[in-house]
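Data from model_21.txt: compact mmCIF, C-alpha atoms
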# COMPACT_ATOMS: atom_id res chain seq x y z
CA ALA A 876 1.02 3.51 -19.09
CA GLN A 877 2.85 1.32 -16.64
CA ARG A 878 1.96 1.97 -13.05
CA VAL A 879 2.34 0.21 -9.72
CA THR A 880 0.12 1.22 -6.83
CA GLN A 881 0.70 0.34 -3.21
CA PRO A 882 -2.23 1.91 -1.39
CA GLU A 883 -0.85 1.55 2.13
CA LYS A 884 2.12 3.67 3.09
CA LEU A 885 2.20 2.20 6.60
CA LEU A 886 1.01 -1.14 7.92
CA SER A 887 1.25 -2.37 11.50
CA VAL A 888 0.41 -5.81 12.83
CA PHE A 889 1.19 -7.80 15.94
CA LYS A 890 3.55 -10.76 15.92
CA GLY A 891 1.75 -13.90 14.84
CA ALA A 892 -0.99 -12.07 12.98
CA PRO A 893 -1.53 -12.49 9.24
CA VAL A 894 -0.26 -9.75 7.02
CA GLU A 895 -1.16 -8.70 3.49
CA LEU A 896 0.60 -5.95 1.59
CA LYS A 897 -1.43 -4.80 -1.38
CA CYS A 898 -0.11 -4.14 -4.87
CA ASN A 899 -2.06 -3.28 -8.00
CA TYR A 900 -0.55 -2.68 -11.39
CA SER A 901 -1.40 -1.25 -14.76
CA TYR A 902 0.35 -2.77 -17.77
CA SER A 903 -0.83 -3.76 -21.22
CA GLY A 904 1.75 -6.47 -21.83
CA SER A 905 2.61 -9.65 -19.98
CA PRO A 906 3.61 -8.45 -16.54
CA GLU A 907 6.60 -9.66 -14.63
CA LEU A 908 5.98 -8.84 -10.98
CA PHE A 909 8.41 -8.69 -8.10
CA TRP A 910 8.48 -7.85 -4.43
CA TYR A 911 11.63 -6.16 -3.16
CA VAL A 912 12.38 -5.59 0.52
CA GLN A 913 14.64 -3.14 2.31
CA TYR A 914 15.50 -3.87 5.93
CA SER A 915 16.77 -1.07 8.12
CA ARG A 916 20.21 0.14 7.00
CA GLN A 917 20.41 -2.51 4.28
CA ARG A 918 20.20 -2.32 0.53
CA LEU A 919 17.18 -3.14 -1.56
CA GLN A 920 16.94 -6.87 -2.28
CA LEU A 921 14.62 -9.18 -4.14
CA LEU A 922 12.13 -11.03 -1.94
CA LEU A 923 10.25 -12.97 -4.59
CA ARG A 924 9.09 -12.93 -8.20
CA HIS A 925 5.82 -14.27 -9.46
CA ILE A 926 7.12 -16.69 -12.07
CA SER A 927 9.15 -18.65 -9.54
CA ARG A 928 6.08 -19.25 -7.37
CA GLU A 929 8.36 -19.67 -4.37
CA SER A 930 7.68 -19.00 -0.73
CA ILE A 931 10.48 -16.90 0.70
CA LYS A 932 10.66 -16.33 4.46
CA GLY A 933 7.06 -17.52 4.63
CA PHE A 934 5.85 -14.88 2.16
CA THR A 935 3.84 -15.73 -0.93
CA ALA A 936 2.34 -13.62 -3.69
CA ASP A 937 -0.10 -14.65 -6.37
CA LEU A 938 -0.50 -12.80 -9.63
CA ASN A 939 -4.19 -12.12 -10.33
CA LYS A 940 -4.41 -10.84 -13.88
CA GLY A 941 -8.17 -10.31 -13.65
CA GLU A 942 -7.79 -7.96 -10.70
CA THR A 943 -4.31 -6.77 -11.82
CA SER A 944 -3.02 -7.45 -8.35
CA PHE A 945 0.04 -9.04 -6.80
CA HIS A 946 -0.56 -8.92 -3.08
CA LEU A 947 2.11 -10.16 -0.67
CA LYS A 948 0.92 -12.39 2.14
CA LYS A 949 2.28 -14.10 5.21
CA PRO A 950 0.10 -16.09 7.59
CA PHE A 951 2.10 -15.37 10.76
CA ALA A 952 4.14 -12.18 10.86
CA GLN A 953 7.45 -12.05 12.75
CA GLU A 954 9.22 -9.05 14.24
CA GLU A 955 12.09 -9.52 11.78
CA ASP A 956 9.64 -8.93 8.92
CA SER A 957 9.56 -5.24 9.82
CA ALA A 958 10.89 -3.48 6.73
CA MET A 959 9.96 -1.42 3.68
CA TYR A 960 8.38 -3.49 0.94
CA TYR A 961 8.26 -2.42 -2.69
CA CYS A 962 6.19 -3.97 -5.41
CA ALA A 963 7.80 -3.72 -8.84
CA LEU A 964 6.74 -4.42 -12.40
CA GLY A 965 9.25 -5.48 -15.03
CA SER A 966 8.92 -4.40 -18.62
CA ASP A 967 8.93 -7.11 -21.27
CA ARG A 968 9.17 -4.78 -24.23
CA GLY A 969 11.97 -4.00 -26.62
CA SER A 970 14.38 -1.40 -25.43
CA THR A 971 12.77 -1.19 -21.99
CA LEU A 972 13.18 -4.92 -21.37
CA GLY A 973 14.29 -5.44 -17.81
CA ARG A 974 13.40 -1.95 -16.60
CA LEU A 975 11.55 -1.96 -13.27
CA TYR A 976 8.65 0.26 -12.28
CA PHE A 977 8.33 0.54 -8.50
CA GLY A 978 5.45 1.38 -6.23
CA ARG A 979 5.99 3.92 -3.47
CA GLY A 980 6.47 1.19 -0.86
CA THR A 981 4.72 0.01 2.29
CA GLN A 982 6.47 0.25 5.65
CA LEU A 983 5.56 -2.85 7.63
CA THR A 984 5.96 -2.80 11.40
CA VAL A 985 5.44 -5.98 13.37
CA TRP A 986 4.90 -5.34 17.05
CA PRO A 987 5.93 -7.89 19.69
CA ASP B 403 32.94 -8.18 -1.90
CA THR B 404 31.05 -9.47 -4.94
CA GLY B 405 28.05 -7.16 -4.62
CA VAL B 406 27.28 -3.89 -6.35
CA SER B 407 29.28 -1.03 -4.89
CA GLN B 408 28.70 2.70 -5.14
CA ASN B 409 30.91 5.64 -4.29
CA PRO B 410 30.67 7.95 -2.58
CA ARG B 411 27.99 6.90 -0.12
CA HIS B 412 27.17 10.48 0.76
CA LYS B 413 27.75 13.72 -1.09
CA ILE B 414 26.94 17.22 0.06
CA THR B 415 27.38 19.92 -2.52
CA LYS B 416 26.39 23.50 -3.10
CA ARG B 417 23.88 24.43 -5.71
CA GLY B 418 25.50 24.95 -9.07
CA GLN B 419 28.36 22.55 -8.51
CA ASN B 420 28.95 19.40 -10.55
CA VAL B 421 28.98 15.96 -8.95
CA THR B 422 29.92 12.52 -10.20
CA PHE B 423 28.92 9.16 -8.77
CA ARG B 424 30.43 5.79 -9.52
CA CYS B 425 28.88 2.34 -9.64
CA ASP B 426 30.75 -0.95 -9.87
CA PRO B 427 28.38 -3.77 -10.85
CA ILE B 428 28.71 -7.47 -10.22
CA SER B 429 31.42 -8.53 -12.63
CA GLU B 430 29.46 -10.95 -14.83
CA HIS B 431 26.41 -8.67 -15.10
CA ASN B 432 26.23 -6.84 -18.41
CA ARG B 433 23.17 -4.78 -17.56
CA LEU B 434 23.50 -1.75 -15.32
CA TYR B 435 20.66 0.49 -14.15
CA TRP B 436 20.47 3.87 -12.45
CA TYR B 437 17.49 4.82 -10.31
CA ARG B 438 16.68 7.87 -8.22
CA GLN B 439 14.71 7.68 -4.98
CA THR B 440 13.24 10.63 -3.16
CA LEU B 441 11.70 10.60 0.30
CA GLY B 442 8.48 8.61 0.47
CA GLN B 443 8.77 7.28 -3.05
CA GLY B 444 9.98 4.11 -4.66
CA PRO B 445 12.99 4.07 -6.95
CA GLU B 446 12.43 5.80 -10.29
CA PHE B 447 14.23 4.62 -13.38
CA LEU B 448 16.80 7.00 -14.87
CA THR B 449 18.78 5.07 -17.44
CA TYR B 450 20.35 1.73 -18.20
CA PHE B 451 23.20 0.14 -20.10
CA GLN B 452 23.77 -3.15 -21.75
CA ASN B 453 27.52 -3.50 -21.81
CA GLU B 454 28.75 -0.05 -22.87
CA ALA B 455 25.59 0.90 -24.80
CA GLN B 456 23.12 3.23 -23.13
CA LEU B 457 19.77 1.78 -24.22
CA GLU B 458 17.22 4.08 -22.63
CA LYS B 459 17.01 7.37 -20.79
CA SER B 460 14.05 8.47 -18.73
CA ARG B 461 12.43 11.86 -19.21
CA LEU B 462 13.55 12.47 -15.62
CA LEU B 463 17.10 12.65 -16.95
CA SER B 464 17.47 16.28 -17.96
CA ASP B 465 20.33 17.61 -20.05
CA ARG B 466 22.25 18.25 -16.84
CA PHE B 467 22.52 14.51 -16.27
CA SER B 468 24.88 12.26 -18.15
CA ALA B 469 25.83 8.66 -17.63
CA GLU B 470 28.61 6.59 -19.09
CA ARG B 471 29.78 3.04 -18.92
CA PRO B 472 33.12 2.86 -20.67
CA LYS B 473 34.27 -0.62 -21.58
CA GLY B 474 31.08 -2.06 -20.17
CA SER B 475 32.38 -2.24 -16.64
CA PHE B 476 31.83 0.49 -14.04
CA SER B 477 29.47 3.37 -14.69
CA THR B 478 29.45 7.04 -13.75
CA LEU B 479 26.52 9.37 -13.34
CA GLU B 480 27.32 13.07 -13.54
CA ILE B 481 25.01 15.91 -12.60
CA GLN B 482 26.03 19.35 -13.79
CA ARG B 483 24.91 22.60 -12.18
CA THR B 484 23.14 20.81 -9.35
CA GLU B 485 19.82 22.09 -8.08
CA GLN B 486 18.14 21.53 -4.73
CA GLY B 487 15.61 19.29 -6.46
CA ASP B 488 18.42 16.90 -7.31
CA SER B 489 18.73 15.95 -3.64
CA ALA B 490 17.89 12.26 -3.51
CA MET B 491 19.29 8.77 -3.14
CA TYR B 492 20.85 7.56 -6.37
CA LEU B 493 20.74 3.80 -6.72
CA CYS B 494 22.64 1.56 -9.07
CA ALA B 495 21.65 -2.01 -9.91
CA SER B 496 23.02 -4.70 -12.16
CA SER B 497 21.64 -7.86 -13.69
CA LEU B 498 22.07 -10.48 -16.32
CA PRO B 499 20.15 -9.75 -19.57
CA GLY B 500 16.38 -9.93 -19.60
CA LEU B 501 14.04 -9.97 -16.65
CA TYR B 502 16.49 -11.35 -14.15
CA GLU B 503 16.85 -10.26 -10.59
CA GLN B 504 18.42 -6.83 -10.23
CA TYR B 505 21.04 -6.53 -7.52
CA PHE B 506 21.15 -3.11 -5.93
CA GLY B 507 24.02 -1.15 -4.51
CA PRO B 508 23.82 0.75 -1.21
CA GLY B 509 23.14 4.03 -2.99
CA THR B 510 24.69 7.49 -2.97
CA ARG B 511 22.80 10.09 -0.97
CA LEU B 512 23.11 13.52 -2.55
CA THR B 513 22.28 16.66 -0.62
CA VAL B 514 22.33 19.94 -2.50
CA THR B 515 22.45 22.99 -0.24

Target format structure tokens, applied to this file:
Amino acid sequence: AQRVTQPEKLLSVFKGAPVELKCNYSYSGSPELFWYVQYSRQRLQLLLRHISRESIKGFTADLNKGETSFHLKKPFAQEEDSAMYYCALGSDRGSTLGRLYFGRGTQLTVWP
Amino acid sequence: DTGVSQNPRHKITKRGQNVTFRCDPISEHNRLYWYRQTLGQGPEFLTYFQNEAQLEKSRLLSDRFSAERPKGSFSTLEIQRTEQGDSAMYLCASSLPGLYEQYFGPGTRLTVT
């Protein structure tokens, strides 16, 4: 069964510190992984997807199929990074193609 | 505004009443998704459309829930005989076909008293 696990509900770091938000997944097909972010009072929006291999706002995420992980990392956290982060897995199969499975989210707080 | 819009933004209703929510997707997007989000959880898939065809419904979508997308444009989600457990944020998203980025609306917060 498809499953996305974000083990940390809350994560706090100080400004300038490295941050890593963990995401593990369970999926028997070829996973398409995403990180979505929701800033306070804003709608959910895509931060990055693994196939693009981009760095968005200083964040990167590498898909590790051996460890079934897709952790989100940033070397130097900023206060404006404070938000709720959701890891999501996209289905590549038949009628469920495009459907997203979300983790429960990690609330990141960056202290000044 | 070219983003996904949802109406109403908030809905308070009494148990047993029917409610209907509307979602207007980005105009060129032919895929439309409905998700439900409860406190402390990520969005959970409910159903989705490609154009006017409803392609999949989650087991979460009981018989009291129905969704339509006439003419492949806006979509409505109706909940009949609401229950307190239906209280949640209902999110709509749209995308181009396949595993493209999904653009989310602001959501409709339903409170059933």

* To do: Could you check which of B:Ser477, B:Thr515, B:Gln408, B:Ser489 is closest to chain A, using only C-alpha atoms?
  =>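 For chain A, the nearest of the given residues is B:Gln408.
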
* Among listed residues A:Gln917, A:Ser905, A:Asn899, A:Gln877, nearest chain B (using only C-alpha atoms) ->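 Of all the options, A:Gln917 lies closest to chain B.
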
Near chain B, 12 Å: chain A residue rows, closest pairs, only C-alpha atoms, as a tab-separated table:
residue	atom	partner	partner_atom	distance
A:Arg878	CA	B:Glu446	CA	11.5
A:Val879	CA	B:Gly444	CA	10.0
A:Thr880	CA	B:Gly444	CA	10.5
A:Gln881	CA	B:Gly444	CA	10.1
A:Glu883	CA	B:Gly442	CA	11.8
A:Lys884	CA	B:Gly442	CA	8.5
A:Leu885	CA	B:Gly442	CA	10.9
A:Ser905	CA	B:Leu501	CA	11.9
A:Pro906	CA	B:Leu501	CA	10.5
A:Glu907	CA	B:Leu501	CA	7.7
A:Leu908	CA	B:Leu501	CA	9.9
A:Phe909	CA	B:Glu503	CA	8.9
A:Trp910	CA	B:Glu503	CA	10.7
A:Tyr911	CA	B:Gln504	CA	9.8
A:Val912	CA	B:Phe506	CA	11.2
A:Gln913	CA	B:Phe506	CA	10.5
A:Tyr914	CA	B:Pro508	CA	11.9
A:Ser915	CA	B:Pro508	CA	11.8
A:Arg916	CA	B:Pro508	CA	9.0
A:Gln917	CA	B:Pro508	CA	7.2
A:Arg918	CA	B:Pro508	CA	5.1
A:Leu919	CA	B:Phe506	CA	5.9
A:Gln920	CA	B:Tyr505	CA	6.7
A:Leu921	CA	B:Glu503	CA	6.9
A:Leu922	CA	B:Glu503	CA	9.9
A:Leu923	CA	B:Glu503	CA	9.3
A:Arg924	CA	B:Glu503	CA	8.5
A:His925	CA	B:Leu501	CA	11.7
A:Ile926	CA	B:Leu501	CA	10.7
A:Ser927	CA	B:Tyr502	CA	11.3
A:Met959	CA	B:Gly444	CA	10.0
A:Tyr960	CA	B:Gly444	CA	9.6
A:Tyr961	CA	B:Gly444	CA	7.0
A:Cys962	CA	B:Gly444	CA	9.0
A:Ala963	CA	B:Gly444	CA	9.1
A:Leu964	CA	B:Leu501	CA	10.1
A:Gly965	CA	B:Leu501	CA	6.8
A:Ser966	CA	B:Leu501	CA	7.8
A:Asp967	CA	B:Leu501	CA	7.5
A:Arg968	CA	B:Gly500	CA	10.0
A:Gly969	CA	B:Leu457	CA	10.0
A:Ser970	CA	B:Leu457	CA	6.4
A:Thr971	CA	B:Glu458	CA	6.9
A:Leu972	CA	B:Gly500	CA	6.2
A:Gly973	CA	B:Leu501	CA	4.7
A:Arg974	CA	B:Phe447	CA	7.4
A:Leu975	CA	B:Phe447	CA	7.1
A:Tyr976	CA	B:Glu446	CA	7.0
A:Phe977	CA	B:Gly444	CA	5.5
A:Gly978	CA	B:Gly444	CA	5.5
A:Arg979	CA	B:Gly444	CA	4.2
A:Gly980	CA	B:Gly444	CA	5.9
A:Thr981	CA	B:Gly442	CA	9.6
A:Gln982	CA	B:Gly442	CA	10.0

Save the residues we just selected, C-alpha atoms, as an mmCIF file, in the frame of the given file?
data_model
loop_
_atom_site.group_PDB
_atom_site.id
_atom_site.type_symbol
_atom_site.label_atom_id
_atom_site.label_comp_id
_atom_site.auth_asym_id
_atom_site.auth_seq_id
_atom_site.Cartn_x
_atom_site.Cartn_y
_atom_site.Cartn_z
ATOM 1 C CA ARG A 878 1.960 1.970 -13.050
ATOM 2 C CA VAL A 879 2.340 0.210 -9.720
ATOM 3 C CA THR A 880 0.120 1.220 -6.830
ATOM 4 C CA GLN A 881 0.700 0.340 -3.210
ATOM 5 C CA GLU A 883 -0.850 1.550 2.130
ATOM 6 C CA LYS A 884 2.120 3.670 3.090
ATOM 7 C CA LEU A 885 2.200 2.200 6.600
ATOM 8 C CA SER A 905 2.610 -9.650 -19.980
ATOM 9 C CA PRO A 906 3.610 -8.450 -16.540
ATOM 10 C CA GLU A 907 6.600 -9.660 -14.630
ATOM 11 C CA LEU A 908 5.980 -8.840 -10.980
ATOM 12 C CA PHE A 909 8.410 -8.690 -8.100
ATOM 13 C CA TRP A 910 8.480 -7.850 -4.430
ATOM 14 C CA TYR A 911 11.630 -6.160 -3.160
ATOM 15 C CA VAL A 912 12.380 -5.590 0.520
ATOM 16 C CA GLN A 913 14.640 -3.140 2.310
ATOM 17 C CA TYR A 914 15.500 -3.870 5.930
ATOM 18 C CA SER A 915 16.770 -1.070 8.120
ATOM 19 C CA ARG A 916 20.210 0.140 7.000
ATOM 20 C CA GLN A 917 20.410 -2.510 4.280
ATOM 21 C CA ARG A 918 20.200 -2.320 0.530
ATOM 22 C CA LEU A 919 17.180 -3.140 -1.560
ATOM 23 C CA GLN A 920 16.940 -6.870 -2.280
ATOM 24 C CA LEU A 921 14.620 -9.180 -4.140
ATOM 25 C CA LEU A 922 12.130 -11.030 -1.940
ATOM 26 C CA LEU A 923 10.250 -12.970 -4.590
ATOM 27 C CA ARG A 924 9.090 -12.930 -8.200
ATOM 28 C CA HIS A 925 5.820 -14.270 -9.460
ATOM 29 C CA ILE A 926 7.120 -16.690 -12.070
ATOM 30 C CA SER A 927 9.150 -18.650 -9.540
ATOM 31 C CA MET A 959 9.960 -1.420 3.680
ATOM 32 C CA TYR A 960 8.380 -3.490 0.940
ATOM 33 C CA TYR A 961 8.260 -2.420 -2.690
ATOM 34 C CA CYS A 962 6.190 -3.970 -5.410
ATOM 35 C CA ALA A 963 7.800 -3.720 -8.840
ATOM 36 C CA LEU A 964 6.740 -4.420 -12.400
ATOM 37 C CA GLY A 965 9.250 -5.480 -15.030
ATOM 38 C CA SER A 966 8.920 -4.400 -18.620
ATOM 39 C CA ASP A 967 8.930 -7.110 -21.270
ATOM 40 C CA ARG A 968 9.170 -4.780 -24.230
ATOM 41 C CA GLY A 969 11.970 -4.000 -26.620
ATOM 42 C CA SER A 970 14.380 -1.400 -25.430
ATOM 43 C CA THR A 971 12.770 -1.190 -21.990
ATOM 44 C CA LEU A 972 13.180 -4.920 -21.370
ATOM 45 C CA GLY A 973 14.290 -5.440 -17.810
ATOM 46 C CA ARG A 974 13.400 -1.950 -16.600
ATOM 47 C CA LEU A 975 11.550 -1.960 -13.270
ATOM 48 C CA TYR A 976 8.650 0.260 -12.280
ATOM 49 C CA PHE A 977 8.330 0.540 -8.500
ATOM 50 C CA GLY A 978 5.450 1.380 -6.230
ATOM 51 C CA ARG A 979 5.990 3.920 -3.470
ATOM 52 C CA GLY A 980 6.470 1.190 -0.860
ATOM 53 C CA THR A 981 4.720 0.010 2.290
ATOM 54 C CA GLN A 982 6.470 0.250 5.650
#

* Asked: Excluding same-chain residues fewer than 4 positions from A:Lys948, what lies within 7 Å of it counting only C-alpha atoms, as a VMD selection string?
  -> chain A and resid 894 to 896 934 to 936

Could you save those same residues with C-alpha atoms as a PDB file, in the coordinates of the input?
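Written out: out-v6.pdb:
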ATOM      1  CA  VAL A 894      -0.260  -9.750   7.020  1.00  0.00           C
ATOM      2  CA  GLU A 895      -1.160  -8.700   3.490  1.00  0.00           C
ATOM      3  CA  LEU A 896       0.600  -5.950   1.590  1.00  0.00           C
ATOM      4  CA  PHE A 934       5.850 -14.880   2.160  1.00  0.00           C
ATOM      5  CA  THR A 935       3.840 -15.730  -0.930  1.00  0.00           C
ATOM      6  CA  ALA A 936       2.340 -13.620  -3.690  1.00  0.00           C
TER       7      ALA A 936
END

* Write out as a list in words each polymer residue whose atoms come within 12 Å of B:Ser464, counting only C-alpha atoms; drop sequence neighbours fewer than 5 positions from it. =>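 Counting only the stated atoms, we get Leu448, Thr449, Lys459, Ala469, Glu480, Ile481, Gln482, Arg483, Thr484, Glu485 and Asp488 of chain B.
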
* Separation of atom CA of B:Phe467 from atom CA of B:Asn420 in Å ->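 Distance between the two atoms: 9.9 Å.
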
* Find the residues around A:Asp937 up to 9 Å (all atoms listed in the file counted), leave out those fewer than 6 positions away in its own chain, and share them as number ranges by chain. => A: 925, 928, 944-948

* Nearest residue to B:Gln456 from the set B:Asn432, B:Gly405, B:Arg438, B:Lys413 (distances using only C-alpha atoms) ->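 Answer, going by the shortest atom-to-atom distance: B:Asn432.
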
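Atom CA of A:Gly891 lies 6.3 Å from atom CA of A:Gln953.
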
* Asked: What gap, in Å, lies between atom CA of B:Pro410 and atom CA of B:Leu512?
  ->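 It comes out at 9.4 Å.
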
* Asked: Which is closest to B:Cys494 among B:Thr510, B:Ser468, B:Ser475, B:Asn453, if we use all atoms listed in the file?
  -> B:Thr510

* Contacts of A:Trp986 within 10 Å, all atoms listed in the file, excl. fewer than 5 positions in-chain, as a list in words -> Ser887, Val888, Phe889, Lys890, Gly891, Ala892, Ala952, Gln953, Glu954, Glu955 and Ser957 of chain A

* Within 8 Å of B:Arg511 using all atoms listed in the file, minus same-chain residues under 6 positions, as number ranges by chain -> B: 411-413, 489-492

Can you write stretch 877-895 of chain A from the block above with N, CA, C and O atoms, as a PDB file, in the first residue's frame?
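result-v2.pdb, written as the output of this step:
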ATOM      1  N   GLN A 877       0.335   2.298  -0.603  1.00  0.00           N
ATOM      2  CA  GLN A 877       1.077   3.547  -0.649  1.00  0.00           C
ATOM      3  C   GLN A 877       1.003   4.244   0.701  1.00  0.00           C
ATOM      4  O   GLN A 877      -0.064   4.336   1.296  1.00  0.00           O
ATOM      5  N   ARG A 878       2.139   4.719   1.134  1.00  0.00           N
ATOM      6  CA  ARG A 878       2.171   5.404   2.429  1.00  0.00           C
ATOM      7  C   ARG A 878       3.320   6.393   2.442  1.00  0.00           C
ATOM      8  O   ARG A 878       4.398   6.124   1.915  1.00  0.00           O
ATOM      9  N   VAL A 879       3.086   7.532   3.061  1.00  0.00           N
ATOM     10  CA  VAL A 879       4.116   8.542   3.254  1.00  0.00           C
ATOM     11  C   VAL A 879       4.211   8.841   4.742  1.00  0.00           C
ATOM     12  O   VAL A 879       3.199   9.151   5.375  1.00  0.00           O
ATOM     13  N   THR A 880       5.398   8.748   5.274  1.00  0.00           N
ATOM     14  CA  THR A 880       5.602   8.950   6.704  1.00  0.00           C
ATOM     15  C   THR A 880       6.525  10.135   6.943  1.00  0.00           C
ATOM     16  O   THR A 880       7.633  10.190   6.414  1.00  0.00           O
ATOM     17  N   GLN A 881       6.035  11.071   7.716  1.00  0.00           N
ATOM     18  CA  GLN A 881       6.860  12.184   8.184  1.00  0.00           C
ATOM     19  C   GLN A 881       6.934  12.032   9.703  1.00  0.00           C
ATOM     20  O   GLN A 881       5.970  12.326  10.399  1.00  0.00           O
ATOM     21  N   PRO A 882       8.049  11.570  10.216  1.00  0.00           N
ATOM     22  CA  PRO A 882       8.101  11.199  11.629  1.00  0.00           C
ATOM     23  C   PRO A 882       8.038  12.373  12.587  1.00  0.00           C
ATOM     24  O   PRO A 882       7.629  12.209  13.735  1.00  0.00           O
ATOM     25  N   GLU A 883       8.430  13.559  12.120  1.00  0.00           N
ATOM     26  CA  GLU A 883       8.448  14.723  13.016  1.00  0.00           C
ATOM     27  C   GLU A 883       7.244  15.603  12.757  1.00  0.00           C
ATOM     28  O   GLU A 883       7.051  16.097  11.648  1.00  0.00           O
ATOM     29  N   LYS A 884       6.440  15.801  13.784  1.00  0.00           N
ATOM     30  CA  LYS A 884       5.293  16.694  13.657  1.00  0.00           C
ATOM     31  C   LYS A 884       5.752  18.149  13.776  1.00  0.00           C
ATOM     32  O   LYS A 884       5.222  19.038  13.123  1.00  0.00           O
ATOM     33  N   LEU A 885       6.742  18.361  14.653  1.00  0.00           N
ATOM     34  CA  LEU A 885       7.270  19.695  14.908  1.00  0.00           C
ATOM     35  C   LEU A 885       8.791  19.662  14.806  1.00  0.00           C
ATOM     36  O   LEU A 885       9.428  18.694  15.244  1.00  0.00           O
ATOM     37  N   LEU A 886       9.352  20.731  14.246  1.00  0.00           N
ATOM     38  CA  LEU A 886      10.800  20.842  14.153  1.00  0.00           C
ATOM     39  C   LEU A 886      11.176  22.303  14.342  1.00  0.00           C
ATOM     40  O   LEU A 886      10.619  23.177  13.662  1.00  0.00           O
ATOM     41  N   SER A 887      12.079  22.556  15.266  1.00  0.00           N
ATOM     42  CA  SER A 887      12.518  23.928  15.529  1.00  0.00           C
ATOM     43  C   SER A 887      14.021  24.011  15.380  1.00  0.00           C
ATOM     44  O   SER A 887      14.749  23.148  15.875  1.00  0.00           O
ATOM     45  N   VAL A 888      14.461  25.056  14.700  1.00  0.00           N
ATOM     46  CA  VAL A 888      15.893  25.332  14.554  1.00  0.00           C
ATOM     47  C   VAL A 888      16.097  26.831  14.683  1.00  0.00           C
ATOM     48  O   VAL A 888      15.150  27.615  14.556  1.00  0.00           O
ATOM     49  N   PHE A 889      17.341  27.225  14.910  1.00  0.00           N
ATOM     50  CA  PHE A 889      17.681  28.636  14.918  1.00  0.00           C
ATOM     51  C   PHE A 889      18.108  29.071  13.525  1.00  0.00           C
ATOM     52  O   PHE A 889      18.626  28.279  12.730  1.00  0.00           O
ATOM     53  N   LYS A 890      17.902  30.345  13.259  1.00  0.00           N
ATOM     54  CA  LYS A 890      18.299  30.937  11.987  1.00  0.00           C
ATOM     55  C   LYS A 890      19.766  30.638  11.712  1.00  0.00           C
ATOM     56  O   LYS A 890      20.607  30.767  12.611  1.00  0.00           O
ATOM     57  N   GLY A 891      20.043  30.216  10.481  1.00  0.00           N
ATOM     58  CA  GLY A 891      21.408  29.913  10.094  1.00  0.00           C
ATOM     59  C   GLY A 891      21.816  28.474  10.321  1.00  0.00           C
ATOM     60  O   GLY A 891      22.863  28.037   9.822  1.00  0.00           O
ATOM     61  N   ALA A 892      21.013  27.730  11.042  1.00  0.00           N
ATOM     62  CA  ALA A 892      21.325  26.323  11.297  1.00  0.00           C
ATOM     63  C   ALA A 892      20.838  25.469  10.135  1.00  0.00           C
ATOM     64  O   ALA A 892      19.908  25.854   9.421  1.00  0.00           O
ATOM     65  N   PRO A 893      21.453  24.306   9.947  1.00  0.00           N
ATOM     66  CA  PRO A 893      20.947  23.396   8.905  1.00  0.00           C
ATOM     67  C   PRO A 893      19.625  22.767   9.345  1.00  0.00           C
ATOM     68  O   PRO A 893      19.364  22.603  10.541  1.00  0.00           O
ATOM     69  N   VAL A 894      18.822  22.446   8.359  1.00  0.00           N
ATOM     70  CA  VAL A 894      17.543  21.820   8.674  1.00  0.00           C
ATOM     71  C   VAL A 894      17.319  20.635   7.750  1.00  0.00           C
ATOM     72  O   VAL A 894      17.695  20.674   6.566  1.00  0.00           O
ATOM     73  N   GLU A 895      16.744  19.575   8.294  1.00  0.00           N
ATOM     74  CA  GLU A 895      16.396  18.397   7.505  1.00  0.00           C
ATOM     75  C   GLU A 895      15.025  17.915   7.939  1.00  0.00           C
ATOM     76  O   GLU A 895      14.807  17.599   9.107  1.00  0.00           O
TER      77      GLU A 895
END
